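Structure, as structure tokens:
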Amino acid sequence: MAAALSAQPSQVWGGQNAQTPQIWEFHGANGMLTGGTYLGVNLAEITSDRARDLKLKDAYGVEITRVEEGSPADKAGLKADDVVLEYNGQRVEGMEQFGRLVRETPSGREVKLLISRNGVTQAMSATVQTRKMKNIVSNWQPNFDMPEIRIPDMPRIFTTWQSPLLGVETESLGSQLASYFGVKEGVLVRSVIKDTAAEKAGIKAGDVITKVDGNTVTTPNELVSALRASSSKKTFPIDLVRDRHETSINVTLEDHSERAIPRTRVVKDER
């Protein structure tokens with residue numbers, strides 16, 4: 001895979017801030033540095049004042065402030081102070097667009113340019129090429145030892161929900177935990193509060209509650225809603241998965257108001 005590096009050098013030529021949009025890429029394991037297609041010019045944006053100086057009717061295009069010797073632009077006869085108005089029939093609005101048009105043109109292809117020189121428009125042709133530079137990667141070696149960097153273990157943060165009515169602390173199941181417990185969906189019981197309806201019914205930590213009174217539950221909030229809906233019955237079935245086996249138990253609720261209480265825990269993995 002080629003690693004693309006953007007290069008837009010800023011220089012001053014003839015009192016103008018000139019920039020040459022280029023794209024450089026590293027190709028292959030030999031470290032040869034080659035460039036995207038290019039014309040070999042330094043450019044400047046056209047301002048209203050500069051448009052008057054260049055005898056332009058409208059302020060658009062890009063000004064050529066320098067032509068690289070031996071470049072495709074030089075071979076085409078482009079000169080400093082020329083203004084490129086169109087590129088292959090497309091109006092040029094600025095340097096960023098012009099650079100993109102050049103980069104997207106395959107190497108070796110002839111392009112038609114409409115330029116303004118001393119206020120007179122004329123058509124020109126140029127053949128874009130690929131810039132090649134010497135191998136500078138394989139000969140470069142860092143002169144320092146890279147220190148070993150150790151990234152510390154990051155704590156896991158998750159939210160559990162405490163259900164006073166049933167007497168359990170639960171959390172939602174992600175796809176990995178669901179696969180681990182052998183279920184597609186459900187609510188994981190992380191702990192059971194002593195002397196509650198859950199403990200008396202035999203619910204244990206590690207159980208995955210899948211249904212309450214026949215209603216599927218997939219989140220702690222759904223568990224709370226299902227418990228509220230069934231609380232008038234006092235006793236009802238809860239389906240759960242324990243050790244990858246489905247089972248159903250009857251739960252008798254006590255007279256408590258049901259409100260889910262979120263609790264955030266931070267757990268550090270010990271490796």
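Residue names in the structure tokens use chain letters A, B, ... in the order shown, residue numbers from 1 in each chain, and ligand numbers from 1 in the order shown.
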Can you check which residues of segment 154-213 of chain A DSSP gives as strand (DSSP E or B) on the backbone and send them as JSON, numbers by chain? {"A": [156, 157, 158, 159, 160, 161, 162, 163, 168, 169, 170, 171, 172, 187, 188, 189, 190, 191, 192, 208, 209, 210, 211, 212]}
Those same residues, written as an mmCIF file, in the first residue's frame with C-alpha atoms?
```cif
data_model
loop_
_atom_site.group_PDB
_atom_site.id
_atom_site.type_symbol
_atom_site.label_atom_id
_atom_site.label_comp_id
_atom_site.auth_asym_id
_atom_site.auth_seq_id
_atom_site.Cartn_x
_atom_site.Cartn_y
_atom_site.Cartn_z
ATOM 1 C CA ARG A 156 -13.228 -1.220 31.674
ATOM 2 C CA ILE A 157 -16.176 0.981 32.504
ATOM 3 C CA PHE A 158 -19.694 -0.368 32.525
ATOM 4 C CA THR A 159 -23.036 0.476 34.125
ATOM 5 C CA THR A 160 -25.036 -1.981 36.232
ATOM 6 C CA TRP A 161 -28.634 -1.567 37.319
ATOM 7 C CA GLN A 162 -29.965 -2.497 40.754
ATOM 8 C CA SER A 163 -33.542 -3.723 40.942
ATOM 9 C CA VAL A 168 -30.625 -8.223 41.686
ATOM 10 C CA GLU A 169 -27.899 -6.136 40.118
ATOM 11 C CA THR A 170 -27.868 -6.555 36.341
ATOM 12 C CA GLU A 171 -26.219 -5.338 33.163
ATOM 13 C CA SER A 172 -26.864 -5.561 29.442
ATOM 14 C CA VAL A 187 -29.974 -9.510 31.026
ATOM 15 C CA LEU A 188 -26.970 -10.701 33.016
ATOM 16 C CA VAL A 189 -27.322 -11.034 36.787
ATOM 17 C CA ARG A 190 -24.117 -9.739 38.317
ATOM 18 C CA SER A 191 -25.110 -10.141 41.951
ATOM 19 C CA VAL A 192 -28.070 -11.126 44.100
ATOM 20 C CA VAL A 208 -29.065 -14.625 32.261
ATOM 21 C CA ILE A 209 -32.717 -13.587 32.539
ATOM 22 C CA THR A 210 -34.427 -13.905 29.157
ATOM 23 C CA LYS A 211 -38.160 -13.581 29.991
ATOM 24 C CA VAL A 212 -40.376 -12.247 32.764
#
```
Can you list, as a list in words, every protein, DNA or RNA residue that comes within 10 Å of Gly77 of chain A when you count only C-alpha atoms, leaving out same-chain residues fewer than 2 positions away? Val67, Pro72, Ala73, Asp74, Lys75, Lys79, Met124, Ser125 and Ala126 of chain A
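The interatomic distance for the pair atom CA of Ala44 of chain A and atom CA of Val120 of chain A works out to 19.1 Å.
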Using only C-alpha atoms: which of A:Ala76, A:Val241, A:Leu173, A:Leu114 has the shortest distance to Glu185 of chain A: A:Leu173
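Here atom CA of Phe236 of chain A is placed at a distance of 8.7 Å from atom CA of Leu253 of chain A.
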